[in-house]
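The structure under discussion appears below in the form of structure tokens.
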Amino acid sequence: MNENRFASTFLIPGGLWLLALFVVPVLLVLGLSFGHTDDLGEAIYGFEFTNYERVFDPDLIPVLLRSVGFALATVVICLLIGYPVAYYIAIYGGRWKNVLLALVVLPFFVNYLIRTYAWIAMLGDDGLVNGLFDTSIRFINTPYAVIGGLVYGFLAFMILPVFASLDNMDRSLIEAGKDLYGGPWQTFRHVTLPHSYQGILAGAVLVFLPAVGDFVSASLLGGPEDVMIGNLIQQQFQASDNWPFGAALTIVMMAFLLIWMSLYLRSAAREAREQEA
Amino acid sequence: MKENDERLMRALERRIGRRDLLQNGAAMALIAGLAGCGVGNSSSGSKEETEKPIAKKVDGDLLYFNYSEYVDPKLVKGFEKKYGVKVRESYFDSMSAMTAKLRAGIAYDLIFPSGEYVQRLISGNLLRRIDRDKIKNVDTVYDYFADPWYDKDSEHSTPYGMYATGLGYRADKVTGMTGSWLDLGDADSDDKSFMLDDYQEGIGMANLVNGYPLNEVDEAKLEKSLDYLVNLKPKLRGISTDTITNMTSGNAYIQHLWNGDIVNIRYGVDNPEDFKFQKCKEGIPVGSDNFCIPVNSKHPGTALLFIEWMLQPEHAAQNVEWIGYPMPYNGAPTEAFQGLVKDDPEINVTVEDLENGQQYENLKGEGRLAWDKVWTEFRVS
């Protein structure tokens with residue numbers, strides 16, 4: 001009992017932090033989403049549903065689908081690139097493990113925005129890559145560039161949790177798999193991969209969430225068609241000054257992600273449990 | 001050589017253009033603003049507060065709030081030295097974020113809003129009256145700004161940088177420029193045309209193309225302007241405010257932009273003479289940013305001194321060359337910009353341009369919403 005009370009005091013700082021910097025702002029956004037703007041564009045709290053009527057305009061569906069599509073593609077590519085990297089570092093990293101991990105994290109010392117700008121310089125029509133290979137490929141302003149930018153931006157969020165799950169795996173399990181006449185592929189499929197499910201799950205969520213709401217990549221690297229939901233929200237807050245509509249977009253987006261994520265997490269966690277059992 | 005290096009550094013520093021919306025810090029402003037907005041008058045000042053005369057003397061360090069890279073840092077240093085104060089610089093990335101912070105009660109001494117925002121801030125009693133007679137050289141400001149639509153008798157604002165919107169293009173790459181806005185989609189740019197990602201400039205351009213006033217809000221007419229934009233879209237490579245990056249990287253051969261951006265682009269390339277500017281015959285959007293002193297400023301005297309410092313003709317001339325945007329002051333500053341663009345005078349903004357041009361106004365309720373809807377429909381189309 002006493003111990004419990006002692007432990008729960010540890011929750012106070014984090015709880016206050018979340019309350020002040022997450023719960024309160026979300027409530028403000030929620031309140032604002034029912035509001036409107038005055039004649040000069042200042043937002044005013046109210047109680048009306050016009051903003052939500054606009055959000056559920058079928059015209060916005062393609063934008064939502066595109067955002068989810070880009071984010072899913074980002075998750076898949078991050079997994080394909082990130083898993084082998086995490087695997088290598090965890091299994092073969094040896095005494096270089098920490099150095100290799102530091103190298104993975106190093107690009108994150110540079111702001112995401114700056115890194116995205118660097119892509120323009122690198123992949124531009126007269127950029128480094130085209131110059132090096134004497135080509136004139138138009139990389140920038142395509143959906144591929146947007147997804148590429150997202151992968152580049154969030155790759156480490158996949159590598160780190162997968163690494164963590166592989167790193168604490170008991171190596172003798174792999175040996176045991178081989179002892180049981182499993183080939184390298186079978187051992188990987190039946191031993192290593194299931195063991196890293198939790199890491200993949202965490203990585204997928206950590207990559208998907210920022211990617212689906214991102215606006216930087218689409219804005220800097222996309223073409224006229226590559227509008228994501230984040231771009232629409234950003235436009236309402238920073239350009240056309242319709243904060244209430246932007247707030248409604250945000251709330252619907254959050255609700256959508258919350259439902260989607262909880263379903264995904266639940267089914268994925270169940271699967272992981274079954275795999276491990 | 002040294003000068004070249006300096007130019008290159010400068011160009012690199014501001015590849016992120018004047019009106020770029022993407023910097024950090026905006027989120028904090030939004031949160032602060034969310035808390036502040038709509039709670040009635042608590043975030044606005046009172047009329048008497050705004051009327052209090054300002055004594056022109058050093059009354060503390062200057063807390064300055066501007067777009068980044070929008071005043072020559074050497075002038076800021078010079079001001080600090082002369083008056084023995086510190087200028088603490090803080091940057092905003094959009095007018096919206098700026099007002100959000102102001103409304104959240106953060107006390108800045110000097111801000112740089114556009115005409116529309118001057119009008120909005122005045123209506124909220126958020127700007128101190130600036131006694132023009134106290135500022136030396138204020139008489140060099142173009143008469144055009146003596147009584148602007150956004151600020152009666154220019155009582156609360158002094159114009160700073162001014163701009164005209166048009167098309168920047170590569171004379172060495174593009175054929176078929178005709179002096180029209182239609183060139184953005186129709187001239188041969190090898191599919192490298194970029195439109196500004198700015199709802200005002202986008203819809204404004206469409207209105208002008210259709211022969212409507214810049215600020216048209218009639219629904220049927222806006223529908224026509226939307227049609228124009230939707231048809232233009234497939235002819236574009238991108239919709240972006242990163243005008244400087246787009247053109248210096250060779251990704252854009254035609255770019256919808258503000259005239260000063262062309263000057264900054266020219267600073268960053270080997271063949272500046274190939275980068276031209278076209279004001280379009282259907283109409284020219286023009287405007288200016290302004291010096292203003294917020295009502296809750298703690299050091300309005302220093303702010304007034306700073307405005308005076310910047311109005312000093314040789315300082316303004318130096319600043320014009322650094323920011324690449326013209327300033328509407330007669331004499332040396334005007335000549336400095338003319339000198340900067342003497343091989344392509346089209347980049348200049350003359351008094352006639354201002355008089356013939358049109359400025360974006362604060363649209364009222366329905367009209368504002370209509371513009372927002374047109375732009376959203378265009379973006380998702």
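In the structure tokens, the first chain shown is A, the next is B, and so on; residue numbers restart at 1 for each chain, and ligands run from 1 in the order shown.
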Write out as a compact mmCIF listing (two decimals) with N, CA and C atoms, in the first residue's frame which residues come within 8 Å of stretch 48-50 of chain A when counting only C-alpha atoms, dropping same-chain ones fewer than 4 positions away.
```txt
# COMPACT_ATOMS: atom_id res chain seq x y z
N PHE A 34 -15.42 24.50 -32.64
CA PHE A 34 -16.85 24.84 -32.74
C PHE A 34 -17.03 26.35 -32.91
N GLY A 35 -15.93 27.06 -33.11
CA GLY A 35 -16.02 28.52 -33.18
C GLY A 35 -16.08 29.04 -34.60
N ARG A 54 -17.72 21.26 -43.04
CA ARG A 54 -16.70 21.43 -44.07
C ARG A 54 -15.69 20.30 -44.08
```
Tell me the residues of chain A close to chain B, meaning within 6 Å using only C-alpha atoms, as a short mmCIF file (atom, residue, chain, number, x, y, z; two decimals) with C-alpha atoms, in the first residue's frame.
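New file out_27.cif:
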```cif
data_model
loop_
_atom_site.label_atom_id
_atom_site.label_comp_id
_atom_site.auth_asym_id
_atom_site.auth_seq_id
_atom_site.Cartn_x
_atom_site.Cartn_y
_atom_site.Cartn_z
CA ASP A 39 -14.79 40.12 -39.62
CA ALA A 43 -10.91 33.35 -34.00
CA ILE A 44 -13.82 33.37 -31.60
CA TYR A 45 -15.04 30.46 -29.49
CA GLY A 124 17.42 19.38 -57.66
CA ASP A 125 17.54 19.49 -61.45
CA ASP A 126 20.97 21.11 -61.29
CA GLY A 223 4.22 18.63 -56.72
CA PRO A 224 0.93 20.52 -57.03
CA GLN A 238 -0.65 30.17 -40.78
#
```
Fill in: DSSP-assigned alpha helix (DSSP H) among stretch 74-268 of chain B, expressed as a PyMOL selection string
chain B and resi 74-83+95-103+115-123+183-186+199-209+219-232+243-248+259-267
Worksheet item: Using only C-alpha atoms, which residues sit within 8 Å of stretch 170-179 of chain B once same-chain residues fewer than 5 positions away are excluded, as a PyMOL selection string?
Response: chain B and resi 186-190+253-254+274-276+278-281
Expected file: the selected residues, C-alpha atoms, as a PDB file, in the first residue's frame:
```pdb
ATOM      1  CA  ASP B 186       1.459  29.051 -71.172  1.00  0.00           C
ATOM      2  CA  ALA B 187       5.030  30.209 -71.798  1.00  0.00           C
ATOM      3  CA  ASP B 188       7.476  27.411 -72.587  1.00  0.00           C
ATOM      4  CA  SER B 189       9.271  26.803 -69.317  1.00  0.00           C
ATOM      5  CA  ASP B 190      10.091  23.140 -69.961  1.00  0.00           C
ATOM      6  CA  TYR B 253      12.348  28.541 -64.789  1.00  0.00           C
ATOM      7  CA  ILE B 254       9.216  30.592 -64.147  1.00  0.00           C
ATOM      8  CA  ASP B 274      19.440  35.837 -66.862  1.00  0.00           C
ATOM      9  CA  PHE B 275      17.008  36.180 -63.963  1.00  0.00           C
ATOM     10  CA  LYS B 276      14.281  38.642 -64.947  1.00  0.00           C
ATOM     11  CA  GLN B 278       7.825  40.654 -65.155  1.00  0.00           C
ATOM     12  CA  LYS B 279       5.044  42.802 -63.835  1.00  0.00           C
ATOM     13  CA  CYS B 280       1.895  41.557 -65.498  1.00  0.00           C
ATOM     14  CA  LYS B 281      -0.402  43.714 -67.572  1.00  0.00           C
TER      15      LYS B 281
END
```
Practice prompt. Give the strand (DSSP E) residues of stretch 7-62 of chain A, as assigned by DSSP on the backbone, as a list in words.
Written response: His36, Thr37, Ala43 and Ile44 of chain A
Output N, CA and C atoms for every residue in the selection just made, as a compact mmCIF listing (two decimals), in the first residue's frame.
```
# COMPACT_ATOMS: atom_id res chain seq x y z
N HIS A 36 -15.87 30.34 -34.73
CA HIS A 36 -15.85 30.96 -36.04
C HIS A 36 -14.87 32.13 -35.99
N THR A 37 -14.71 32.81 -37.13
CA THR A 37 -13.81 33.97 -37.13
C THR A 37 -14.64 35.24 -37.25
N ALA A 43 -10.09 34.50 -34.37
CA ALA A 43 -10.91 33.35 -34.00
C ALA A 43 -11.71 33.65 -32.74
N ILE A 44 -12.94 33.15 -32.74
CA ILE A 44 -13.82 33.37 -31.60
C ILE A 44 -14.44 32.03 -31.23
```
Worksheet item: What is the distance, in Å and to one decimal place, between atom CA of A:Phe215 and atom CA of A:Ile229?
Response: 7.6 Å
